[in-house]
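The structure appears below as structure tokens.
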Amino acid sequence: MLRFANIEFLWGLAVIPGFILLYIVVSRWKKRAFARLGDKNVVTLLIPQVSFSRPWLKFILFIIAYAAMIIAAADPQIGSKMEEEKRKGADLMILLDVSNSMLSQDMSPNRLENAKLAITQLIDNLHNDRIGIIVFAGEAYVQLPVTTDYSAAKLFLNTINTNMVPTQGTAIGAAIDLGMKSFDFKDGTGKAMIIITDGENHEDDAVAAARNAADKDVMVNVIGMGSENGAPIPVYQNGKEVGFHTDSAGHTVVSKLNEDMCKEITAAGKGAYVRATNANSGLNIVMDQIGKVQRKTYDSKMFKDFEDRFQFFLGFAFVLLVVEFFISNRKNLKISGLRLFEVKKT
């Protein structure tokens with residue numbers, strides 16, 4: 001397994017295109033200045049030792065060496081050994097609503113982005129608990145199976161958007177059923193769900209699904225996204241807002257939080273309901289409730305004994321810089337004067 005001890009240093013690679021653009025601009029300026037001196041052939045005879053290709057070679061070597069030094073600074077490490085580790089925790093499944101109504105902006109910047117930020121904060125506060133992610137609208141899909149890899153959870157979370165599920169709606173019951181299928185009940189760990197939704201356009205029996213989950217000792221919690229007054233649902237084209245969703249009569253559709261439905265689901269699922277606000281996502285209250293779930297010991301495979309590999313990149317960069325240093329900007333007249341492939345005329 002490869003990882004970077006100082007991954008933030010990789011941002012240094014972002015300046016490479018700037019270096020290349022700057023070098024091209026300077027090269028073109030030099031070329032125009034050279035052209036102003038007179039006829040190209042005549043000027044070339046006056047400065048026979050000047051090379052126009054070697055500076056490019058030196059620049060390419062410098063860029064590669066710079067990239068290698070940035071990677072070395074990020075300290076790439078390779079996990080050389082995998083071990084099974086005993087951990088004590090619970091299984092937590094996040095059920096995230098990705099229907100179009102989650103784009104409503106009665107929460108900043110919108111309901112979905114607010115929910116994703118809250119989940120990120122939740123992941124940062126987890127230790128030994130395992131986490132999974134299910135996205136749903138008119139249908140439900142497993143985005144991330146239950147895992148202890150919090151970095152992967154954040155990576156998958158960043159890719160979530162309302163275009164992931166083509167069928168619109170709010171199939172909370174289907175999401176709960178899929179979450180139940182995703183749990184491994186043989187390991188005996190405590191289990192809970194957190195549903196993050198506005199509850200609108202509810203179209204299946206989510207209450208029955210929550211009751212079935214509670215019967216199997218899975219706590220179902222809900223965080224309501226939205227407000228009582230609601231907000232219109234934006235329509236985007238090419239990433240730009242171009243208007244709002246309208247009904248068949250041409251009236252703007254206003255999406256409101258279906259708080260009664262959310263409360264019914266948590267009552268059946270023996271969990272907690274919290275309405276999120278811009279100031280408070282409500283996850284703290286829900287996590288306090290989940291803290292009552294029994295933690296049990298389970299086996300987790302983890303990479304151990306990570307070994308640093310920065311020295312290879314650092315050594316490679318050093319060699320390139322040495323080579324670049326000894327490459328002169330001038331031509332070698334003895335070598336350039338050789339005509340190895342020239343056909344002599346008799």
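Residues in the structure tokens are numbered from 1 in each chain, the chains being A, B, ... in the order shown, and ligands are numbered from 1 in the order shown.
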
message: Just want the 10 Å neighbourhood of Ala115 of chain A, counted on only C-alpha atoms, with same-chain residues fewer than 6 positions away dropped. Output as a list in words.
response: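 That gives Leu96, Asp97, Met102, Met107, Gln121, Ile196, Thr197, Ile223, Gly224, Met225, Ala276, Ser281 and Leu283 of chain A.
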
Export, as a compact mmCIF listing (two decimals), in the first residue's frame, the selected residues with N, CA, C and O atoms.
```txt
# COMPACT_ATOMS: atom_id res chain seq x y z
N LEU A 96 -27.47 8.76 2.51
CA LEU A 96 -27.49 10.16 2.08
C LEU A 96 -28.44 10.36 0.90
O LEU A 96 -28.29 9.72 -0.15
N ASP A 97 -29.38 11.25 1.07
CA ASP A 97 -30.34 11.61 0.03
C ASP A 97 -29.64 12.47 -1.04
O ASP A 97 -29.04 13.49 -0.72
N MET A 102 -32.35 18.15 -2.76
CA MET A 102 -31.23 18.41 -1.85
C MET A 102 -30.34 19.55 -2.34
O MET A 102 -29.43 19.97 -1.64
N MET A 107 -30.27 26.00 3.05
CA MET A 107 -29.09 25.78 3.88
C MET A 107 -27.88 26.14 3.02
O MET A 107 -27.90 25.96 1.80
N GLN A 121 -17.00 15.90 8.94
CA GLN A 121 -16.69 16.15 10.35
C GLN A 121 -16.93 14.91 11.20
O GLN A 121 -16.17 14.63 12.14
N ILE A 196 -29.76 10.99 6.19
CA ILE A 196 -29.70 12.44 6.01
C ILE A 196 -30.56 12.77 4.79
O ILE A 196 -30.20 12.44 3.66
N THR A 197 -31.70 13.42 5.02
CA THR A 197 -32.67 13.62 3.96
C THR A 197 -33.57 14.81 4.27
O THR A 197 -33.65 15.26 5.41
N ILE A 223 -31.42 12.79 10.26
CA ILE A 223 -31.11 14.21 10.31
C ILE A 223 -31.87 14.89 9.18
O ILE A 223 -31.69 14.56 8.01
N GLY A 224 -32.77 15.79 9.53
CA GLY A 224 -33.59 16.48 8.55
C GLY A 224 -32.87 17.67 7.96
O GLY A 224 -32.38 18.53 8.69
N MET A 225 -32.82 17.74 6.63
CA MET A 225 -32.15 18.83 5.93
C MET A 225 -33.21 19.73 5.30
O MET A 225 -34.05 19.26 4.52
N ALA A 276 -31.27 19.70 11.08
CA ALA A 276 -30.00 20.42 10.91
C ALA A 276 -30.24 21.88 10.61
O ALA A 276 -31.26 22.26 10.03
N SER A 281 -25.21 20.83 12.56
CA SER A 281 -25.68 19.73 11.72
C SER A 281 -26.52 18.74 12.49
O SER A 281 -27.26 17.95 11.90
N LEU A 283 -25.29 16.28 14.20
CA LEU A 283 -24.60 15.00 14.30
C LEU A 283 -24.17 14.69 15.73
O LEU A 283 -24.11 13.52 16.12
```

task: Provide the atom CA of Lys263 of chain A to atom CA of Ala213 of chain A distance in Å, to one decimal place.
output: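 If I compute the distance from atom CA of Lys263 of chain A to atom CA of Ala213 of chain A, I get 15.6 Å.
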
message: Please identify the alpha helix (DSSP H) residues within segment 135-308 of chain A (assignment by DSSP from backbone atoms) and present them as an MDAnalysis selection string.
response: chainID A and resid 150:158 172:182 206:215 259:269 283:290

field: strand (DSSP E or B) per DSSP on the backbone: members of segment 60-241 of chain A, as an NGL selection string
entry: :A and (76-89 or 91-97 or 130-136 or 140-147 or 170 or 191-197 or 202 or 218-224 or 231-232 or 234-237 or 240-241)

- prompt: Taking into account only C-alpha atoms, which residue in the set A:Leu320, A:Val253, A:Ile78, A:Leu178 is nearest to Gly132 of chain A?
  reply: A:Leu178
